[in-house]
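Inspection log for the structure reproduced underneath, given as structure tokens.
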Amino acid sequence: MRSASVLSPQEIRIQAELKIAPGPEEAAGRALTILKRIKQSKPVIDIERGLYFTESFRRTEGQPLILRWSEALLHYARRSTVYIDDDQLIVGRSGQPGRYGILYPELDGNQLGAALDKLPERAYSPFNISEEDARIIKEEIAPYWRGKTFHEDLAQALTPETFRLTYNSDLSSRFIVNETASFRSSIQWVHDYEIVLTRGFSGIRAEAAAKLAALDENSPLDYTEKRPFWQAVINVSEAIILWAERHAEAAEELAAAEPHPVRRAELEQIAQICRRVPAHPARSFREALQAQWFVQMFSRVEQKTGTVISNGRMDQYLYPYYRRDKEAGLLTDDEAQELFECVWAAMAQFIDLYLSETGGAINEGYAHWEAVTVGGQTPDGQDAVNELTYILLKSKREFPLNYPDLAARIHTRSPRRYLHEVAETIKEGSGFPKLINDEEVVPLLLAKGASFAEAYDYSVSGCSECRMPNRDTYTSPCAYINFAAALEMVIYNGRMLKYGDEAIGLATGELESFQTFDDFFEAYLRQQTYFLKHAFIQQHEIIRLRARHFATPLGSSLHRLCRASCLDLHQPVIPGGIDLGYFEYIGYGTVVDSLAAIRANVFEEGRFTLTELREAMAHNFEGYEVIRAYQKNAPSYGNNDPRADEIGRRLDRTAQEFAGKYSRELGVRLDLRYVPFTSHVPFGKVVSASPNGRLAFTPLSDGSSASQGADVHGPTAVLLSNFATKNQDRSEHASRLLNVKLSPACVKGAAGTEKLVRFIEGWRDLKLWHIQFNVLNRETLLAAQAEPDKYRNLLVRIAGYSAYFTELTQDLQNDIIARTQHEAL
């Protein structure tokens, strides 16, 4: 295999590892030492969270849900095993040593037994489990939840037409109009960490106790709603304080038995810090970081949040503690970086377990996104970059790990040094950071009701979304819609080859009835609207049902509006909140290219008929290679070609107009997004050959990126197509995820860094929401696919997160390889 002439720093590091003969390990940094013990091991399932929640819920039948949830957290805090890893300085984990996942039987406990049998050997994100733990799940945990889960409740609530687009008969997903609420209890979220750092949970508990004492005993509202809320806040505060104190006790026991004086002193300091935080306000950088991590980990115990709770703006809320310690001579930059990397090493060991095959398939590579936001602007609109910003960027360049997900906010006044360091970090080749554009996000947040201070202070959350702590209040998971399936249903008059003769969508007419492209396009739009209608029906039921099944006393205790209204965050309406939901357009480039190719070759050039095209597609283009070549070479999205981009803009507008008309009926904003995670792979597995020449059951296009290999006029053309397909006069839209793959050669050296900075500035000035990069050679990816054991450390960018290439399915590996590698900027 031909080797690339220019390698990224990541590729250079991996090549060096391949040349080093096995032998004594060289001295490594603390966090790297921790990682070497656990890296690439198959994760195991820790059942304690699921077991203790089940025990508690059995005892608390009939109580208000938020109170039951807080009691379960108290029970977990009392009973769970406490672990302190060797060499760690930051402590707190919710499972056994090594890589682990935990159970949330309240979500999909009805599928626990069947899922356990498949988990160890399934193709995507497999997990191990001991025989004894599997027995406990099947005999003690699963039976309690059967008939009580949200998944079952939702399936029963859907109309027959909506059910047909959503589920197979066994409640597995059809990957057509795909609900995501049955395998996570909340969408991505960011806490207000600052309240913990400045007040501590003792302060939060004291406020709750005072509010509880002040209630009117004779008031029905106070007794039935406010009283359970404040008692739950007290319970959850006591739970996390107890959990931290148990870590202090464990550290003291280890210190007493530790023969080495340096480690003994470290354990003693860990104990002192855990006695202090998160109960009380943090006094130092290390205390602040430890308090934040306790909240992070206990949030994972509380609920399964989509993409995991994000870290928020760490370079902002930790900065006062960093500056104070550094000015006092108590902290160096290297020590701050080491503490961050201890957190990253702990983060890497928690694996977001999806029992659901659907959840696992759309979150491949053990995906989780505890996004750390850097840069951006302060609440008063000034540039927010500081010394911690650069330490976090430096850590990402030097510490080869896929967690956390680093997100860099960019605006027109971002400092030149910051842009250069962002570019250098991108050039490292592991896919970090993803970029989020203040020039797009802030005006949209203002248009949706935020104040300037709230909009300027947003945190990146999840894949490419954003959150305004203390103002955002919408948590219901939303629909992923396979619009390539809608196109297939136009070709086959409401049917799909995958599902035989079953009528699933609208009967839009036989192909011979479409005399013009406008006829065909209108038929597609009818099918698209039909899918949207049922996605919104689905979402109506999700919003209505979730408050019966889920509560978040920890999240609510940290939210100003929840405390003001005495309402759990998962309730449908929180007074004063902004409810920003979404629906995902999956297969955008596939649909645009298919429609553009039909218009060009069938209706404009008359090269073949729709019936002949359908015949070619039904045979997966075997024997019809000429038709496929014409379709693949037609105008396509991602090339700054108005013939394709105009179609993309019409699709975008129609979807936004539907959202504008109907989402308010649900009491929320459901905005159009293009964020696939890895759903374009399983969604492609149900879609037969597409009119753009895509072969049957292969991945769809991802996000707002071009179809694989279709963008042939360089990355600037990709940006311009993305810009041209937006409808600037509408606000019913949010994130557009955009992947760009560059060869290391095109960004080589100082000149390459400057070119990349200019490209980022162009993206910023076009006001595009998101962009992320793979800077790797195709040859490296092919070598890793052929010899995975030699490339276990190879990180690639997927869709809003990075993952180890060798832990992906071959389908997703092939999808990444097939993305256009641009050789020039």
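In the structure tokens, the first chain shown is A, the next is B, and so on; residue numbers restart at 1 for each chain, and ligands run from 1 in the order shown.
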
| Can you list, as a VMD selection string, every protein, DNA or RNA residue that comes within 12 Å of A:Asp333 when you count only C-alpha atoms, leaving out same-chain residues fewer than 6 positions away? | chain A and resid 285 322 to 323 325 to 327 339 to 340 387 to 392 394 to 395

Output N, CA and C atoms for every residue in that selection, as a PDB file, in the first residue's frame.
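Output saved as out01.pdb:
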ATOM      1  N   PHE A 285      -8.557  25.794  42.775  1.00  0.00           N
ATOM      2  CA  PHE A 285      -8.807  25.219  41.455  1.00  0.00           C
ATOM      3  C   PHE A 285      -9.079  23.727  41.572  1.00  0.00           C
ATOM      4  N   TYR A 322      -8.393  29.250  39.090  1.00  0.00           N
ATOM      5  CA  TYR A 322      -7.073  29.109  38.472  1.00  0.00           C
ATOM      6  C   TYR A 322      -6.240  30.374  38.699  1.00  0.00           C
ATOM      7  N   ARG A 323      -6.819  31.534  38.416  1.00  0.00           N
ATOM      8  CA  ARG A 323      -6.076  32.789  38.528  1.00  0.00           C
ATOM      9  C   ARG A 323      -5.653  33.045  39.981  1.00  0.00           C
ATOM     10  N   ASP A 325      -5.200  30.828  42.436  1.00  0.00           N
ATOM     11  CA  ASP A 325      -4.154  29.893  42.858  1.00  0.00           C
ATOM     12  C   ASP A 325      -2.831  30.210  42.191  1.00  0.00           C
ATOM     13  N   LYS A 326      -2.882  30.594  40.920  1.00  0.00           N
ATOM     14  CA  LYS A 326      -1.637  30.872  40.216  1.00  0.00           C
ATOM     15  C   LYS A 326      -0.975  32.134  40.766  1.00  0.00           C
ATOM     16  N   GLU A 327      -1.776  33.157  41.032  1.00  0.00           N
ATOM     17  CA  GLU A 327      -1.218  34.398  41.585  1.00  0.00           C
ATOM     18  C   GLU A 327      -0.640  34.178  42.975  1.00  0.00           C
ATOM     19  N   LEU A 339      -4.313  18.032  36.228  1.00  0.00           N
ATOM     20  CA  LEU A 339      -5.612  17.812  36.870  1.00  0.00           C
ATOM     21  C   LEU A 339      -6.713  17.634  35.824  1.00  0.00           C
ATOM     22  N   PHE A 340      -6.676  18.459  34.784  1.00  0.00           N
ATOM     23  CA  PHE A 340      -7.642  18.270  33.695  1.00  0.00           C
ATOM     24  C   PHE A 340      -7.518  16.865  33.118  1.00  0.00           C
ATOM     25  N   GLU A 387      -6.180  32.333  29.790  1.00  0.00           N
ATOM     26  CA  GLU A 387      -5.086  31.366  29.880  1.00  0.00           C
ATOM     27  C   GLU A 387      -5.587  29.924  29.934  1.00  0.00           C
ATOM     28  N   LEU A 388      -6.712  29.687  30.614  1.00  0.00           N
ATOM     29  CA  LEU A 388      -7.242  28.326  30.694  1.00  0.00           C
ATOM     30  C   LEU A 388      -7.670  27.808  29.321  1.00  0.00           C
ATOM     31  N   THR A 389      -8.138  28.712  28.474  1.00  0.00           N
ATOM     32  CA  THR A 389      -8.503  28.326  27.109  1.00  0.00           C
ATOM     33  C   THR A 389      -7.320  27.648  26.432  1.00  0.00           C
ATOM     34  N   TYR A 390      -6.152  28.263  26.550  1.00  0.00           N
ATOM     35  CA  TYR A 390      -4.968  27.727  25.878  1.00  0.00           C
ATOM     36  C   TYR A 390      -4.471  26.441  26.537  1.00  0.00           C
ATOM     37  N   ILE A 391      -4.642  26.320  27.851  1.00  0.00           N
ATOM     38  CA  ILE A 391      -4.257  25.079  28.525  1.00  0.00           C
ATOM     39  C   ILE A 391      -5.128  23.925  28.039  1.00  0.00           C
ATOM     40  N   LEU A 392      -6.422  24.174  27.874  1.00  0.00           N
ATOM     41  CA  LEU A 392      -7.329  23.130  27.397  1.00  0.00           C
ATOM     42  C   LEU A 392      -7.006  22.736  25.955  1.00  0.00           C
ATOM     43  N   LYS A 394      -4.032  22.990  24.557  1.00  0.00           N
ATOM     44  CA  LYS A 394      -2.749  22.291  24.641  1.00  0.00           C
ATOM     45  C   LYS A 394      -2.947  20.845  25.108  1.00  0.00           C
ATOM     46  N   SER A 395      -3.836  20.648  26.068  1.00  0.00           N
ATOM     47  CA  SER A 395      -4.112  19.305  26.555  1.00  0.00           C
ATOM     48  C   SER A 395      -4.637  18.423  25.424  1.00  0.00           C
TER      49      SER A 395
END

| request: For A:Val236, work out the shell of residues within 9 Å, counting only C-alpha atoms and skipping chain neighbours fewer than 5 positions away, then give it as a list in words. | output: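 So, after excluding close chain neighbours, the residues are Trp69, Ser70, Glu71, Leu73, Leu74, Phe201, Arg205, Gln231, Ile241, Pro553, Leu554 and Ser557 of chain A.
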
| said: I'd like to know which residues of stretch 269-374 of chain A are helix (DSSP H, G or I) (by DSSP, run on the backbone); could you write them as a PyMOL selection string? | reply: chain A and resi 269-276+285-302+314-317+319-327+333-349+357-361

Pick out the residues sitting within 12 Å of stretch 213-225 of chain A, and hand them over as a short mmCIF file (atom, residue, chain, number, x, y, z; two decimals) with all heavy atoms, in the first residue's frame; count only C-alpha atoms, and ignore anything fewer than 6 positions along from it in its own chain.
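So the final result, stored in part_39.cif, reads:
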data_model
loop_
_atom_site.label_atom_id
_atom_site.label_comp_id
_atom_site.auth_asym_id
_atom_site.auth_seq_id
_atom_site.Cartn_x
_atom_site.Cartn_y
_atom_site.Cartn_z
N GLN A 63 -45.50 7.34 45.86
CA GLN A 63 -44.96 8.66 46.18
C GLN A 63 -44.81 9.49 44.91
O GLN A 63 -44.73 8.95 43.80
CB GLN A 63 -43.61 8.53 46.88
CG GLN A 63 -43.65 7.89 48.25
CD GLN A 63 -42.28 7.88 48.91
OE1 GLN A 63 -41.38 8.64 48.54
NE2 GLN A 63 -42.11 7.02 49.90
N PRO A 64 -44.74 10.83 45.03
CA PRO A 64 -44.46 11.67 43.86
C PRO A 64 -43.15 11.25 43.20
O PRO A 64 -42.18 10.90 43.88
CB PRO A 64 -44.37 13.08 44.45
CG PRO A 64 -45.19 13.02 45.69
CD PRO A 64 -44.99 11.64 46.24
N LEU A 65 -43.11 11.31 41.87
CA LEU A 65 -41.99 10.75 41.13
C LEU A 65 -40.67 11.43 41.49
O LEU A 65 -39.64 10.77 41.63
CB LEU A 65 -42.25 10.87 39.62
CG LEU A 65 -41.24 10.18 38.71
CD1 LEU A 65 -41.14 8.69 39.02
CD2 LEU A 65 -41.61 10.38 37.24
N ILE A 66 -40.66 12.75 41.62
CA ILE A 66 -39.40 13.43 41.93
C ILE A 66 -38.87 12.99 43.29
O ILE A 66 -37.66 12.87 43.49
CB ILE A 66 -39.57 14.97 41.86
CG1 ILE A 66 -38.20 15.64 41.93
CG2 ILE A 66 -40.51 15.48 42.94
CD1 ILE A 66 -38.24 17.13 41.66
N LEU A 67 -39.78 12.70 44.22
CA LEU A 67 -39.36 12.24 45.53
C LEU A 67 -38.80 10.82 45.43
O LEU A 67 -37.78 10.48 46.06
CB LEU A 67 -40.55 12.28 46.48
CG LEU A 67 -40.25 12.31 47.99
CD1 LEU A 67 -39.30 13.44 48.35
CD2 LEU A 67 -41.56 12.45 48.78
N ALA A 206 -29.74 24.12 52.42
CA ALA A 206 -30.26 25.10 53.39
C ALA A 206 -31.39 25.92 52.78
O ALA A 206 -32.40 26.20 53.44
CB ALA A 206 -29.13 26.00 53.86
N GLU A 207 -31.23 26.31 51.52
CA GLU A 207 -32.31 27.04 50.84
C GLU A 207 -33.56 26.19 50.76
O GLU A 207 -34.68 26.66 51.02
CB GLU A 207 -31.87 27.44 49.43
CG GLU A 207 -32.97 28.14 48.63
CD GLU A 207 -32.68 28.25 47.14
OE1 GLU A 207 -31.59 27.83 46.71
OE2 GLU A 207 -33.55 28.76 46.41
N GLN A 231 -38.34 18.65 49.29
CA GLN A 231 -37.80 17.48 49.97
C GLN A 231 -36.85 16.71 49.05
O GLN A 231 -35.81 16.20 49.50
CB GLN A 231 -38.92 16.57 50.44
CG GLN A 231 -38.44 15.39 51.29
CD GLN A 231 -37.70 15.83 52.54
OE1 GLN A 231 -38.24 16.58 53.36
NE2 GLN A 231 -36.44 15.40 52.69
N ALA A 232 -37.19 16.64 47.77
CA ALA A 232 -36.31 15.97 46.82
C ALA A 232 -34.98 16.71 46.69
O ALA A 232 -33.92 16.07 46.58
CB ALA A 232 -37.00 15.86 45.46
N SER A 565 -40.06 27.77 40.41
CA SER A 565 -41.41 27.27 40.18
C SER A 565 -41.73 25.99 40.93
O SER A 565 -42.87 25.52 40.90
CB SER A 565 -41.61 27.02 38.67
OG SER A 565 -40.68 26.05 38.20
N CYS A 566 -40.73 25.41 41.61
CA CYS A 566 -40.89 24.13 42.31
C CYS A 566 -41.36 23.04 41.36
O CYS A 566 -42.21 22.21 41.69
CB CYS A 566 -41.86 24.26 43.49
SG CYS A 566 -41.33 25.43 44.74
N LEU A 567 -40.79 23.02 40.16
CA LEU A 567 -41.16 22.04 39.15
C LEU A 567 -39.92 21.27 38.70
O LEU A 567 -38.84 21.85 38.53
CB LEU A 567 -41.80 22.71 37.94
CG LEU A 567 -43.20 23.30 38.14
CD1 LEU A 567 -43.61 24.09 36.90
CD2 LEU A 567 -44.21 22.20 38.41
N ASP A 568 -40.12 19.97 38.50
CA ASP A 568 -39.05 19.15 37.95
C ASP A 568 -38.79 19.56 36.50
O ASP A 568 -39.71 19.89 35.76
CB ASP A 568 -39.44 17.68 38.01
CG ASP A 568 -38.34 16.77 37.53
OD1 ASP A 568 -37.44 16.46 38.32
OD2 ASP A 568 -38.36 16.38 36.34
N GLN A 571 -40.92 18.29 33.58
CA GLN A 571 -42.31 18.66 33.39
C GLN A 571 -42.47 19.40 32.05
O GLN A 571 -41.54 20.06 31.58
CB GLN A 571 -42.79 19.54 34.54
CG GLN A 571 -42.89 18.80 35.87
CD GLN A 571 -43.92 17.68 35.82
OE1 GLN A 571 -45.05 17.87 35.38
NE2 GLN A 571 -43.52 16.49 36.27
#

| task | Tell me, as a PyMOL selection string, which residues lie within 12 Å of A:Ala535, counting only C-alpha atoms; anything in the same chain fewer than 4 positions away does not count. | result | chain A and resi 158-159+161-166+176-180+477-483+528-531+539-542+582-585+655+658-659+662-663+666+670+672

| field | Pick from A:Gly306, A:Gly375, A:Gly92, A:Pro682 nearest to A:Ala250, counting only C-alpha atoms | value | A:Gly92

| query | If you count only C-alpha atoms, which residues fall within 12 Å of A:Ser8, apart from same-chain ones fewer than 5 positions away, as JSON, numbers by chain? | reply | {"A": [13, 14, 15, 397, 424, 425, 426, 427, 428, 429, 430, 431, 742, 743, 744, 745, 746, 747, 748, 749, 752, 774, 775, 776, 777, 778, 780, 794, 795]}

Those same residues, written as a short mmCIF file (atom, residue, chain, number, x, y, z; two decimals), in the first residue's frame with N, CA and C atoms?
data_model
loop_
_atom_site.label_atom_id
_atom_site.label_comp_id
_atom_site.auth_asym_id
_atom_site.auth_seq_id
_atom_site.Cartn_x
_atom_site.Cartn_y
_atom_site.Cartn_z
N ARG A 13 2.81 9.86 15.44
CA ARG A 13 2.87 9.19 16.74
C ARG A 13 2.57 7.70 16.60
N ILE A 14 1.56 7.36 15.81
CA ILE A 14 1.20 5.95 15.64
C ILE A 14 2.29 5.19 14.88
N GLN A 15 2.87 5.83 13.85
CA GLN A 15 3.96 5.18 13.13
C GLN A 15 5.15 4.92 14.04
N ARG A 397 -3.98 18.69 22.26
CA ARG A 397 -2.89 18.37 21.32
C ARG A 397 -1.96 17.31 21.89
N GLU A 424 -3.84 24.70 14.88
CA GLU A 424 -2.78 23.74 15.19
C GLU A 424 -3.37 22.50 15.87
N THR A 425 -4.39 22.69 16.69
CA THR A 425 -5.02 21.54 17.36
C THR A 425 -5.77 20.69 16.33
N ILE A 426 -6.44 21.32 15.39
CA ILE A 426 -7.11 20.58 14.32
C ILE A 426 -6.09 19.77 13.52
N LYS A 427 -4.94 20.38 13.21
CA LYS A 427 -3.91 19.71 12.43
C LYS A 427 -3.34 18.47 13.12
N GLU A 428 -3.49 18.38 14.43
CA GLU A 428 -2.98 17.21 15.16
C GLU A 428 -3.60 15.93 14.60
N GLY A 429 -4.86 16.01 14.11
CA GLY A 429 -5.42 14.91 13.35
C GLY A 429 -6.42 14.04 14.07
N SER A 430 -6.72 14.32 15.34
CA SER A 430 -7.65 13.46 16.08
C SER A 430 -9.08 13.99 16.05
N GLY A 431 -9.31 15.07 15.30
CA GLY A 431 -10.68 15.56 15.11
C GLY A 431 -11.12 16.65 16.05
N LEU A 742 -9.46 16.70 5.25
CA LEU A 742 -8.31 17.32 4.61
C LEU A 742 -7.11 16.37 4.66
N SER A 743 -6.29 16.44 3.66
CA SER A 743 -5.03 15.71 3.73
C SER A 743 -4.05 16.52 4.58
N PRO A 744 -3.20 15.86 5.36
CA PRO A 744 -2.20 16.59 6.13
C PRO A 744 -1.32 17.47 5.25
N ALA A 745 -1.10 17.07 4.00
CA ALA A 745 -0.22 17.84 3.12
C ALA A 745 -0.76 19.24 2.85
N CYS A 746 -2.07 19.40 2.78
CA CYS A 746 -2.61 20.71 2.42
C CYS A 746 -2.58 21.70 3.57
N VAL A 747 -2.29 21.22 4.79
CA VAL A 747 -2.18 22.16 5.93
C VAL A 747 -0.79 22.06 6.57
N LYS A 748 0.18 21.63 5.77
CA LYS A 748 1.52 21.41 6.30
C LYS A 748 2.19 22.73 6.67
N GLY A 749 2.88 22.74 7.81
CA GLY A 749 3.73 23.86 8.20
C GLY A 749 2.97 25.13 8.55
N GLY A 752 0.47 26.23 6.00
CA GLY A 752 -0.75 25.44 6.09
C GLY A 752 -1.64 25.89 7.22
N ASN A 774 -11.43 16.02 9.76
CA ASN A 774 -10.49 14.91 9.83
C ASN A 774 -9.26 15.31 9.03
N VAL A 775 -8.10 15.31 9.66
CA VAL A 775 -6.85 15.61 8.95
C VAL A 775 -6.01 14.33 9.01
N LEU A 776 -6.31 13.44 8.10
CA LEU A 776 -5.70 12.12 8.05
C LEU A 776 -5.56 11.69 6.60
N ASN A 777 -4.64 10.79 6.35
CA ASN A 777 -4.46 10.24 5.01
C ASN A 777 -5.34 9.01 4.82
N ARG A 778 -5.88 8.90 3.64
CA ARG A 778 -6.71 7.74 3.31
C ARG A 778 -5.92 6.44 3.50
N THR A 780 -3.73 5.74 5.69
CA THR A 780 -3.70 5.36 7.10
C THR A 780 -4.98 4.63 7.49
N LEU A 794 -5.77 4.96 16.83
CA LEU A 794 -6.11 5.91 15.77
C LEU A 794 -7.50 6.52 16.02
N LEU A 795 -7.53 7.82 16.22
CA LEU A 795 -8.78 8.55 16.43
C LEU A 795 -9.25 9.19 15.13
#

| request: Would you mind listing what lies within 6 Å of A:Glu370 as a list in words, with only C-alpha atoms counted and same-chain residues fewer than 6 positions away left out? | output: Val308, Ile309, Ser310, Asn311, Pro404 and Asp405 of chain A

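Residue nearest A:Leu756 within the list A:Ala208, A:Ala824, A:Ala818, A:Leu353: A:Ala824 [criterion: smallest interatomic distance, only C-alpha atoms].
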
| For A:Leu242, which of A:Ser80, A:Gln813, A:Asn692, A:Thr698 is the closest residue, counting only C-alpha atoms? |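 Comparing A:Ser80, A:Gln813, A:Asn692, A:Thr698 against A:Leu242, the winner is A:Ser80.
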
| query | Contacts of A:Ile84 at 12 Å or less, counting only C-alpha atoms, minus same-chain residues fewer than 5 places along, as a PyMOL selection string? | reply | chain A and resi 34+89-98+244+246-255+266-267+270-271+274+346

Keeping only N, CA, C and O atoms, write those residues as a CSV table (one decimal), in the first residue's frame.
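Generated file (selection03.csv):
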chain,number,residue,atom,x,y,z
A,34,ILE,N,-2.7,5.9,33.9
A,34,ILE,CA,-4.1,5.4,34.2
A,34,ILE,C,-4.7,4.8,32.9
A,34,ILE,O,-5.2,3.7,32.9
A,89,LEU,N,-5.9,11.7,40.9
A,89,LEU,CA,-6.0,12.9,41.8
A,89,LEU,C,-7.4,13.4,41.9
A,89,LEU,O,-7.8,14.1,42.9
A,90,ILE,N,-8.3,13.1,40.9
A,90,ILE,CA,-9.7,13.4,40.9
A,90,ILE,C,-10.5,12.1,41.0
A,90,ILE,O,-10.3,11.3,40.1
A,91,VAL,N,-11.4,12.1,41.9
A,91,VAL,CA,-12.1,10.8,42.2
A,91,VAL,C,-13.6,10.9,42.0
A,91,VAL,O,-14.1,12.0,42.0
A,92,GLY,N,-14.2,9.7,41.8
A,92,GLY,CA,-15.6,9.6,41.6
A,92,GLY,C,-15.9,8.9,40.3
A,92,GLY,O,-15.6,9.3,39.2
A,93,ARG,N,-16.5,7.6,40.5
A,93,ARG,CA,-16.9,6.8,39.4
A,93,ARG,C,-18.1,6.1,39.8
A,93,ARG,O,-18.4,5.9,40.9
A,94,SER,N,-18.9,5.7,38.8
A,94,SER,CA,-20.2,5.1,39.1
A,94,SER,C,-20.2,3.6,38.7
A,94,SER,O,-21.3,3.0,38.4
A,95,GLY,N,-19.0,3.0,38.6
A,95,GLY,CA,-18.9,1.6,38.2
A,95,GLY,C,-17.5,1.1,38.5
A,95,GLY,O,-16.6,1.8,38.9
A,96,GLN,N,-17.4,-0.2,38.3
A,96,GLN,CA,-16.2,-0.9,38.6
A,96,GLN,C,-15.0,-0.4,37.8
A,96,GLN,O,-15.1,0.2,36.8
A,97,PRO,N,-13.7,-0.8,38.2
A,97,PRO,CA,-12.5,-0.3,37.5
A,97,PRO,C,-12.5,-0.8,36.1
A,97,PRO,O,-13.0,-1.8,35.7
A,98,GLY,N,-11.8,0.1,35.3
A,98,GLY,CA,-11.8,-0.2,33.8
A,98,GLY,C,-12.9,0.5,33.1
A,98,GLY,O,-13.5,1.4,33.7
A,244,ALA,N,-19.7,11.9,48.3
A,244,ALA,CA,-18.3,12.5,48.4
A,244,ALA,C,-17.6,12.1,49.7
A,244,ALA,O,-16.4,11.8,49.8
A,246,ARG,N,-18.1,9.4,51.5
A,246,ARG,CA,-17.7,8.0,51.4
A,246,ARG,C,-16.4,7.9,50.6
A,246,ARG,O,-15.5,7.0,50.8
A,247,HIS,N,-16.2,8.8,49.6
A,247,HIS,CA,-14.9,8.8,48.9
A,247,HIS,C,-13.8,9.3,49.8
A,247,HIS,O,-12.6,8.8,49.7
A,248,ALA,N,-14.1,10.2,50.7
A,248,ALA,CA,-13.1,10.7,51.7
A,248,ALA,C,-12.7,9.5,52.6
A,248,ALA,O,-11.5,9.3,52.9
A,249,GLU,N,-13.7,8.7,53.0
A,249,GLU,CA,-13.4,7.6,53.9
A,249,GLU,C,-12.5,6.6,53.2
A,249,GLU,O,-11.6,6.0,53.8
A,250,ALA,N,-12.9,6.3,51.9
A,250,ALA,CA,-12.1,5.3,51.2
A,250,ALA,C,-10.6,5.8,51.0
A,250,ALA,O,-9.7,5.0,51.1
A,251,ALA,N,-10.5,7.1,50.7
A,251,ALA,CA,-9.1,7.7,50.5
A,251,ALA,C,-8.3,7.6,51.8
A,251,ALA,O,-7.1,7.3,51.8
A,252,GLU,N,-9.0,7.8,53.0
A,252,GLU,CA,-8.3,7.7,54.3
A,252,GLU,C,-7.9,6.3,54.5
A,252,GLU,O,-6.8,6.1,55.1
A,253,GLU,N,-8.7,5.3,54.2
A,253,GLU,CA,-8.3,3.9,54.4
A,253,GLU,C,-7.2,3.5,53.6
A,253,GLU,O,-6.2,2.8,54.0
A,254,LEU,N,-7.2,4.0,52.3
A,254,LEU,CA,-6.1,3.7,51.4
A,254,LEU,C,-4.8,4.4,51.9
A,254,LEU,O,-3.7,3.8,51.8
A,255,ALA,N,-4.9,5.6,52.4
A,255,ALA,CA,-3.7,6.3,52.8
A,255,ALA,C,-3.1,5.6,54.0
A,255,ALA,O,-1.8,5.6,54.1
A,266,GLU,N,-0.9,12.2,48.7
A,266,GLU,CA,-2.0,12.5,47.7
A,266,GLU,C,-3.3,12.0,48.2
A,266,GLU,O,-4.4,12.7,48.0
A,267,LEU,N,-3.4,10.8,48.7
A,267,LEU,CA,-4.6,10.2,49.2
A,267,LEU,C,-5.2,11.0,50.4
A,267,LEU,O,-6.4,11.2,50.5
A,270,ILE,N,-6.8,14.0,48.9
A,270,ILE,CA,-8.0,13.7,48.2
A,270,ILE,C,-9.1,13.6,49.3
A,270,ILE,O,-10.2,14.1,49.1
A,271,ALA,N,-8.8,13.0,50.4
A,271,ALA,CA,-9.8,12.9,51.5
A,271,ALA,C,-10.2,14.3,52.0
A,271,ALA,O,-11.4,14.5,52.3
A,274,CYS,N,-12.5,15.9,49.5
A,274,CYS,CA,-13.9,15.3,49.4
A,274,CYS,C,-14.7,15.6,50.6
A,274,CYS,O,-15.9,15.6,50.6
A,346,ALA,N,-10.6,9.7,33.8
A,346,ALA,CA,-11.8,9.2,34.5
A,346,ALA,C,-13.0,9.2,33.5
A,346,ALA,O,-13.8,8.2,33.5
